[in-house]
Amino acid sequence: MNKQIRNEIERIEESAKRLQMLAQDNPAILKNADILLTFVYILKFITPIRGKEEN
Amino acid sequence: MNYWNPYLETLPREAYDQIELSYFRKMFSFAKEHSALYRDKLKGMEGKEIRSLDDLKKIPLTEKEEMRKYQEVEPFPYGGLLGSDIEKVTTFRQTSGTTGKPIYVPETYESWQWRIEAWCHILYMAGFRPRHRVFLPFGYNVYVAFWEAHFASEKLGCELVPGGALDTKGRIHKILEIRANGMMNTPTYGLHIAEEAKSMGIDPASLGIERMLCAGEPMPPATRKRLEELYQCHVFDHIGGTEPCAWAGMCEAKDGMHIIEPFFLVEILDRETLQKEVDEGEIGVAVVTPLGRRSFPLIRFNTKDLVIKGTNSCSCGRTSKKIKEVVGRTDDLRKVRGVLFSPKTVEEVVRKEFQEVEEFEIIVERRGLMDVITLRAEVNAQLPISSIEQTKARLKESLKIATNLSFNVIMEPPGSLPRYTLKAKRFKDLREGDKNE
């Protein structure tokens with residue numbers, strides 16, 4: 001898998017987690033950031049790195 | 001673009017194996033940590049002990065019966081099958097319960113989206129694209145049927161038209177009214193819509209359906225062909241279930257079904273011992289491990305689906321493993337007078353050779369010491385009365401050749417047998433307690 005794609009997925013993951021930290025008293029932002037993380041999980045699943053225990 | 005995910009769908013075989021092994025180990029450890037069923041079942045085993053796909057055979061299969069037992073404990077209603085915090089569950093599904101108490105299946109938002117992503121492969125392979133206005137002629141409910149189709153169509157960019165709360169005539173009118181050009185249905189209901197359209201003076205081909213994806217029942221090639229002729233459209237098949245998700249689908253080459261790798265690790269095992277992988281062209285039982293669905297971990301789930309193992313190559317260019325055909329379910333196989341019998345064989349004969357037979361039902365019963373197998377065949381209104389005896393004789397002969405069993409054939413008048421919107425129940429074994437004797 002293209003390393004650049006993986007890097008972008010990881011950047012989204014970091015941003016979503018930062019959003020959750022910044023908006024702990026805002027259920028709407030928390031939930032939408034959580035949904036971003038759901039799709040990060042799927043994006044990682046569909047871009048496996050061969051030979052690594054990674055999803 | 002021919003592929004939903006060009007990277008994943010054209011991987012070399014060894015890459016699939018490596019990725020699936022890695023995902024399997026991860027799911028194994030996850031299941032052991034989060035599901036009471038697997039905490040007990042996999043006791044003493046470690047994910048790292050699985051060094052190759054051959055090592056999978058050391059792990060016991062998961063059977064529905066033990067799942068029922070583990071579901072009885074807390075947290076209600078999923079019990080020890082749950083793989084996540086119950087507060088994260090966002091959707092309830094259940095199996096139909098035809099073989100016992102239903103299994104309740106929890107989906108978190110993540111697991112549901114994972115299922116939908118796998119389903120997008122099935123739709124895309126079958127040629128569904130954003131230009132399609134897809135009609136779903138069902139009122140969907142607690143069963144998983146057509147929910148995945150709904151959400152995957154939406155994700156793919158198709159325009160989805162939910163067609164529940166209408167009768168068949170109402171659905172036909174709606175298809176025409178909104179000019180739907182895609183449809184998903186059971187094969188049986190696809191045939192029924194066509195029959196109903198004809199009774200309304202509408203040629204099914206004029207409904208404008210370009211693509212049809214079938215689900216819910218094994219579809220013999222003759223049934224698929226009949227649907228294609230009736231609607232003058234492309235008809236595709238797929239296979240799956242509530243517990244393991246939809247795990248294989250047909251591409252435009254229509255030559256078997258691709259396993260959706262690496263979402264699912266699928267083993268096709270010999271039906272006698274459930275130990276050995278069968279060879280290409282042989283019938284085996286599909287054992288499925290969904291590799292990324294965490295709300296409801298399943299390791300080596302015995303689907304009881306009987307399939308013919310296919311080749312690994314396809315003119316579409318996808319490199320995933322294939323199954324050639326779905327034969328039926330191990331639950332449906334019966335010994336009748338010592339002969340192994342599958343109801344799907346009858347469907348293949350009827351749909352292929354008897355256009356005049358609209359619907360049918362098979363009944364097996366015991367009279368004295370003898371098994372008697374009967375076919376009730378409903379003829380269409382166009383068949384002249386003078387031809388009924390001839391059709392009856394031909395049916396007896398063709399069924400004898402195809403099944404090695406002598407059938408008692410009863411001809412029934414048009415409209416006399418039941419019609420089904422979901423899974424058809426055309427096979428009735430009235431013998432008690434000795435179904436596989």
# chains A, B, ... in the order shown; residues from 1 in each chain; ligands from 1
>>> interface_residues(of="chain B", to="chain A", cutoff="8 Å", atoms="only C-alpha atoms", output="list in words")
Tyr7, Leu8, Ala15, Gln18, Ile19, Ser22, Tyr23, Lys26, Tyr109, Glu110, Gln113, Trp114, Glu117 and Gly292 of chain B
>>> residues_around(residues="Gln71 (chain B)", least_positions_apart="6", cutoff="10 Å", atoms="only C-alpha atoms", output="list in words")
Ala36, Leu37, Pro77, Tyr78, Gly79, Gly80, Leu81, Leu82, Pro102, Ile103, Tyr104 and Val105 of chain B
>>> write_last_selection(atoms="N, CA and C atoms", output="PDB file, in the first residue's frame")
ATOM      1  N   ALA B  36     -17.057 -13.958  25.983  1.00  0.00           N
ATOM      2  CA  ALA B  36     -17.057 -15.068  26.948  1.00  0.00           C
ATOM      3  C   ALA B  36     -17.009 -16.415  26.232  1.00  0.00           C
ATOM      4  N   LEU B  37     -17.695 -16.485  25.090  1.00  0.00           N
ATOM      5  CA  LEU B  37     -17.690 -17.737  24.324  1.00  0.00           C
ATOM      6  C   LEU B  37     -16.258 -18.147  23.999  1.00  0.00           C
ATOM      7  N   PRO B  77     -29.484  -8.953  25.353  1.00  0.00           N
ATOM      8  CA  PRO B  77     -29.834 -10.318  24.959  1.00  0.00           C
ATOM      9  C   PRO B  77     -28.682 -11.063  24.277  1.00  0.00           C
ATOM     10  N   TYR B  78     -27.493 -10.463  24.292  1.00  0.00           N
ATOM     11  CA  TYR B  78     -26.397 -11.055  23.510  1.00  0.00           C
ATOM     12  C   TYR B  78     -25.499 -11.992  24.313  1.00  0.00           C
ATOM     13  N   GLY B  79     -25.504 -11.778  25.648  1.00  0.00           N
ATOM     14  CA  GLY B  79     -24.735 -12.639  26.525  1.00  0.00           C
ATOM     15  C   GLY B  79     -23.269 -12.722  26.139  1.00  0.00           C
ATOM     16  N   GLY B  80     -22.744 -13.931  26.177  1.00  0.00           N
ATOM     17  CA  GLY B  80     -21.317 -14.153  25.954  1.00  0.00           C
ATOM     18  C   GLY B  80     -20.874 -14.065  24.511  1.00  0.00           C
ATOM     19  N   LEU B  81     -21.762 -13.655  23.628  1.00  0.00           N
ATOM     20  CA  LEU B  81     -21.373 -13.512  22.215  1.00  0.00           C
ATOM     21  C   LEU B  81     -20.899 -12.094  21.919  1.00  0.00           C
ATOM     22  N   LEU B  82     -21.218 -11.192  22.833  1.00  0.00           N
ATOM     23  CA  LEU B  82     -20.921  -9.776  22.611  1.00  0.00           C
ATOM     24  C   LEU B  82     -19.416  -9.517  22.698  1.00  0.00           C
ATOM     25  N   PRO B 102     -33.617 -18.185  18.007  1.00  0.00           N
ATOM     26  CA  PRO B 102     -32.836 -17.242  17.187  1.00  0.00           C
ATOM     27  C   PRO B 102     -31.545 -16.814  17.881  1.00  0.00           C
ATOM     28  N   ILE B 103     -30.543 -16.492  17.087  1.00  0.00           N
ATOM     29  CA  ILE B 103     -29.321 -15.880  17.608  1.00  0.00           C
ATOM     30  C   ILE B 103     -29.517 -14.368  17.473  1.00  0.00           C
ATOM     31  N   TYR B 104     -29.259 -13.650  18.566  1.00  0.00           N
ATOM     32  CA  TYR B 104     -29.359 -12.197  18.535  1.00  0.00           C
ATOM     33  C   TYR B 104     -27.981 -11.624  18.217  1.00  0.00           C
ATOM     34  N   VAL B 105     -27.944 -10.769  17.229  1.00  0.00           N
ATOM     35  CA  VAL B 105     -26.652 -10.290  16.721  1.00  0.00           C
ATOM     36  C   VAL B 105     -26.501  -8.784  16.956  1.00  0.00           C
TER      37      VAL B 105
END
>>> select_by_dssp(residues="chain A", states="helix (DSSP H, G or I)", output="PyMOL selection string")
chain A and resi 3-22+27-45
>>> select_by_dssp(residues="region 173-372 of chain B", states="strand (DSSP E)", output="PyMOL selection string")
chain B and resi 182-185+211-214+234-236+238-241+245-249+257-259+264-269+283-290+301-309+322-329+334-336+339-341+357-367+370-372
>>> residues_around(residues="Ala33 (chain A)", least_positions_apart="3", cutoff="8 Å", atoms="only C-alpha atoms", output="list in words")
Ala16, Lys17, Leu19, Gln20, Ile29, Leu30, Leu36 and Leu37 of chain A
